[in-house]
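Colleague: start-v4.csv is the file, holding CSV, C-alpha atoms:
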```csv
chain,number,residue,atom,x,y,z
Y,298,MET,CA,-21.3,221.3,23.0
Y,299,PRO,CA,-24.1,223.8,22.3
Y,300,VAL,CA,-27.2,222.2,20.9
Y,301,ASP,CA,-27.8,225.0,18.5
Y,302,GLY,CA,-24.5,224.3,16.8
Y,303,ARG,CA,-23.3,227.9,16.8
Y,304,GLN,CA,-20.1,227.1,18.6
Y,305,GLU,CA,-19.8,223.4,18.2
Y,306,ALA,CA,-16.3,222.5,17.2
Y,307,GLU,CA,-16.2,219.2,15.3
Y,308,GLU,CA,-12.5,218.9,16.0
Y,309,LEU,CA,-13.4,218.4,19.7
Y,310,ARG,CA,-15.6,215.4,18.9
Y,311,PRO,CA,-12.7,212.9,18.9
Y,312,LEU,CA,-11.7,214.1,22.3
Y,313,LEU,CA,-15.2,213.7,23.6
Y,314,LEU,CA,-15.5,210.2,22.2
Y,315,SER,CA,-12.0,209.2,23.5
Y,316,GLY,CA,-13.1,210.2,27.0
Y,317,ARG,CA,-16.2,208.1,26.6
Y,318,ASP,CA,-14.2,205.1,25.5
Y,319,ALA,CA,-12.4,205.0,28.9
Y,320,PHE,CA,-15.8,204.4,30.6
Y,321,ALA,CA,-17.4,202.1,28.0
Y,322,GLY,CA,-20.8,200.8,29.2
Y,323,ALA,CA,-21.3,203.5,31.8
Y,324,PRO,CA,-24.5,205.6,31.4
Y,325,TRP,CA,-23.8,209.2,30.7
Y,326,PHE,CA,-25.8,212.0,32.4
Y,327,ASP,CA,-25.5,215.7,31.4
Y,328,ALA,CA,-25.9,217.6,34.7
Y,329,HIS,CA,-25.9,221.2,33.3
Y,330,THR,CA,-28.3,221.8,30.5
Y,331,HIS,CA,-30.4,224.9,29.8
Y,332,ILE,CA,-33.8,225.1,28.1
Y,333,GLY,CA,-35.3,228.3,26.9
Y,334,GLN,CA,-35.9,230.8,24.1
Y,335,ASN,CA,-35.4,234.2,25.6
Y,336,ASP,CA,-31.9,234.3,27.1
Y,337,PRO,CA,-30.3,237.8,26.8
Y,338,ASP,CA,-27.2,236.1,25.5
Y,339,GLU,CA,-29.3,234.9,22.6
Y,340,ARG,CA,-28.9,231.3,23.5
Y,341,ARG,CA,-31.8,229.0,22.7
Y,342,ALA,CA,-32.6,225.4,23.2
Y,343,THR,CA,-35.9,223.6,22.8
Y,344,PRO,CA,-36.6,220.2,24.4
Y,345,ALA,CA,-36.3,218.5,21.1
Y,346,GLU,CA,-32.8,220.1,20.5
Y,347,ILE,CA,-31.7,219.0,24.0
Y,348,LEU,CA,-32.8,215.4,23.3
Y,349,GLU,CA,-31.1,215.5,19.8
Y,350,GLY,CA,-27.9,216.9,21.5
Y,351,LEU,CA,-28.0,214.1,24.0
Y,352,ASP,CA,-28.3,211.5,21.2
Y,353,ARG,CA,-25.4,213.1,19.3
Y,354,ALA,CA,-23.2,213.1,22.4
Y,355,GLY,CA,-24.2,209.5,23.4
Y,356,HIS,CA,-25.8,210.7,26.7
Y,357,GLU,CA,-28.8,209.0,28.1
Y,358,ARG,CA,-30.2,211.7,30.3
Y,359,ALA,CA,-29.9,215.3,31.4
Y,360,LEU,CA,-30.7,217.7,34.2
Y,361,VAL,CA,-32.4,220.7,32.7
Y,362,PHE,CA,-33.2,224.2,33.9
Y,363,ALA,CA,-34.3,227.5,32.6
Y,364,MET,CA,-32.0,230.0,31.0
Y,365,HIS,CA,-32.0,233.6,32.3
Y,366,GLU,CA,-35.4,234.7,31.3
Y,367,PRO,CA,-36.2,238.4,31.3
Y,368,GLU,CA,-39.8,237.9,32.6
Y,369,GLY,CA,-38.6,235.8,35.6
Y,370,TYR,CA,-38.6,232.1,36.2
Y,371,ALA,CA,-42.2,231.2,37.0
Y,372,ARG,CA,-43.2,230.5,33.4
Y,373,ALA,CA,-39.7,229.3,32.5
Y,374,ASN,CA,-39.8,226.7,35.3
Y,375,ASP,CA,-43.3,225.6,34.1
Y,376,ALA,CA,-41.8,225.0,30.6
Y,377,VAL,CA,-38.9,223.0,32.2
Y,378,LEU,CA,-41.4,220.8,34.0
Y,379,ALA,CA,-43.5,220.3,30.9
Y,380,ALA,CA,-40.3,219.3,28.9
Y,381,VAL,CA,-39.4,216.8,31.7
Y,382,ALA,CA,-42.9,215.3,31.7
Y,383,ALA,CA,-42.8,214.8,27.9
Y,384,SER,CA,-39.3,213.4,27.8
Y,385,GLY,CA,-40.0,209.8,28.6
Y,386,GLY,CA,-37.7,209.9,31.6
Y,387,ARG,CA,-34.7,211.3,29.8
Y,388,LEU,CA,-34.8,214.8,31.4
Y,389,GLY,CA,-34.9,215.7,35.0
Y,390,ALA,CA,-35.8,219.2,36.4
Y,391,LEU,CA,-33.8,221.7,38.4
Y,392,ALA,CA,-36.2,224.6,38.9
```
What does this structure look like when you write it as structure tokens?
Modeller:
Amino acid sequence: MPVDGRQEAEELRPLLLSGRDAFAGAPWFDAHTHIGQNDPDERRATPAEILEGLDRAGHERALVFAMHEPEGYARANDAVLAAVAASGGRLGALA
């Protein structure tokens, strides 16, 4: 589910939760999460929004990486590393 809520479909939430019930007690890890503010598709996600989305979904941790950034990935990867360092261990980096 997108963290910015633009395409979040509440009717899918019961399906998400029913799948989680089958693995009660298992830690959940989101392995495909983008952070960034300049994606040409107009997608945006701050570290705080990612963490809020994890909480809403009941996930403990996420692997995060930069969105497609018009200026390249050097600064975007630095932002990913900063978000990971500030996340208290909830975020891991793919840069």
Colleague: Need the shell around Ser315 in chain Y: protein/DNA/RNA residues with any atom at most 12 Å away, counting all atoms listed in the file. Skip same-chain ones fewer than 6 positions apart. Format as a short mmCIF file (atom, residue, chain, number, x, y, z; two decimals) with C-alpha atoms, in the frame of the given file?
Modeller:
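Output file selection17.cif follows:
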```cif
data_model
loop_
_atom_site.label_atom_id
_atom_site.label_comp_id
_atom_site.auth_asym_id
_atom_site.auth_seq_id
_atom_site.Cartn_x
_atom_site.Cartn_y
_atom_site.Cartn_z
CA LEU Y 309 -13.40 218.40 19.70
CA ALA Y 321 -17.40 202.10 28.00
CA ALA Y 354 -23.20 213.10 22.40
#
```
Colleague: Per residue of range 306-351 of chain Y within 9 Å of range 378-381 of chain Y, note the shortest atom pair and the distance in Å to one decimal, counting only C-alpha atoms, and order the rows by chain and increasing residue number, as CSV.
Modeller:
```
residue,atom,partner,partner_atom,distance
Y:Ile332,CA,Y:Ala380,CA,8.7
Y:Thr343,CA,Y:Ala380,CA,8.7
Y:Pro344,CA,Y:Ala380,CA,5.9
Y:Ala345,CA,Y:Ala380,CA,8.8
```
Colleague: Can you write just those residues out, C-alpha atoms, as a short mmCIF file (atom, residue, chain, number, x, y, z; two decimals), keeping the file's coordinate frame?
Modeller:
```cif
data_model
loop_
_atom_site.label_atom_id
_atom_site.label_comp_id
_atom_site.auth_asym_id
_atom_site.auth_seq_id
_atom_site.Cartn_x
_atom_site.Cartn_y
_atom_site.Cartn_z
CA ILE Y 332 -33.80 225.10 28.10
CA THR Y 343 -35.90 223.60 22.80
CA PRO Y 344 -36.60 220.20 24.40
CA ALA Y 345 -36.30 218.50 21.10
#
```
Colleague: Enter the distance from CA of Trp325 in chain Y to CA of Gly355 in chain Y, in Å, rounded to one decimal.
Modeller: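 We find that CA of Trp325 in chain Y and CA of Gly355 in chain Y lie 7.3 Å from each other.
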Colleague: Excluding range 359-370 of chain Y and its own-chain neighbours fewer than 2 positions away, which residues fall within 12 Å of it when counting all atoms listed in the file? Please give them as a JSON list (two decimals) with C-alpha atoms, in the frame of the given file.
Modeller:
```
[["chain", "number", "residue", "atom", "x", "y", "z"],
["Y", 324, "PRO", "CA", -24.50, 205.60, 31.40],
["Y", 325, "TRP", "CA", -23.80, 209.20, 30.70],
["Y", 326, "PHE", "CA", -25.80, 212.00, 32.40],
["Y", 327, "ASP", "CA", -25.50, 215.70, 31.40],
["Y", 328, "ALA", "CA", -25.90, 217.60, 34.70],
["Y", 329, "HIS", "CA", -25.90, 221.20, 33.30],
["Y", 330, "THR", "CA", -28.30, 221.80, 30.50],
["Y", 331, "HIS", "CA", -30.40, 224.90, 29.80],
["Y", 332, "ILE", "CA", -33.80, 225.10, 28.10],
["Y", 333, "GLY", "CA", -35.30, 228.30, 26.90],
["Y", 334, "GLN", "CA", -35.90, 230.80, 24.10],
["Y", 335, "ASN", "CA", -35.40, 234.20, 25.60],
["Y", 336, "ASP", "CA", -31.90, 234.30, 27.10],
["Y", 337, "PRO", "CA", -30.30, 237.80, 26.80],
["Y", 338, "ASP", "CA", -27.20, 236.10, 25.50],
["Y", 339, "GLU", "CA", -29.30, 234.90, 22.60],
["Y", 340, "ARG", "CA", -28.90, 231.30, 23.50],
["Y", 341, "ARG", "CA", -31.80, 229.00, 22.70],
["Y", 342, "ALA", "CA", -32.60, 225.40, 23.20],
["Y", 343, "THR", "CA", -35.90, 223.60, 22.80],
["Y", 344, "PRO", "CA", -36.60, 220.20, 24.40],
["Y", 347, "ILE", "CA", -31.70, 219.00, 24.00],
["Y", 348, "LEU", "CA", -32.80, 215.40, 23.30],
["Y", 349, "GLU", "CA", -31.10, 215.50, 19.80],
["Y", 350, "GLY", "CA", -27.90, 216.90, 21.50],
["Y", 351, "LEU", "CA", -28.00, 214.10, 24.00],
["Y", 352, "ASP", "CA", -28.30, 211.50, 21.20],
["Y", 354, "ALA", "CA", -23.20, 213.10, 22.40],
["Y", 355, "GLY", "CA", -24.20, 209.50, 23.40],
["Y", 356, "HIS", "CA", -25.80, 210.70, 26.70],
["Y", 357, "GLU", "CA", -28.80, 209.00, 28.10],
["Y", 372, "ARG", "CA", -43.20, 230.50, 33.40],
["Y", 373, "ALA", "CA", -39.70, 229.30, 32.50],
["Y", 374, "ASN", "CA", -39.80, 226.70, 35.30],
["Y", 375, "ASP", "CA", -43.30, 225.60, 34.10],
["Y", 376, "ALA", "CA", -41.80, 225.00, 30.60],
["Y", 377, "VAL", "CA", -38.90, 223.00, 32.20],
["Y", 378, "LEU", "CA", -41.40, 220.80, 34.00],
["Y", 379, "ALA", "CA", -43.50, 220.30, 30.90],
["Y", 380, "ALA", "CA", -40.30, 219.30, 28.90],
["Y", 381, "VAL", "CA", -39.40, 216.80, 31.70],
["Y", 382, "ALA", "CA", -42.90, 215.30, 31.70],
["Y", 384, "SER", "CA", -39.30, 213.40, 27.80],
["Y", 385, "GLY", "CA", -40.00, 209.80, 28.60],
["Y", 386, "GLY", "CA", -37.70, 209.90, 31.60],
["Y", 387, "ARG", "CA", -34.70, 211.30, 29.80],
["Y", 388, "LEU", "CA", -34.80, 214.80, 31.40],
["Y", 389, "GLY", "CA", -34.90, 215.70, 35.00],
["Y", 390, "ALA", "CA", -35.80, 219.20, 36.40],
["Y", 391, "LEU", "CA", -33.80, 221.70, 38.40],
["Y", 392, "ALA", "CA", -36.20, 224.60, 38.90]]
```
Colleague: Between CA of Arg353 in chain Y and CA of Asp318 in chain Y, what is the spacing in Å?
Modeller: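 Calculated distance between CA of Asp318 in chain Y and CA of Arg353 in chain Y is 15.1 Å.
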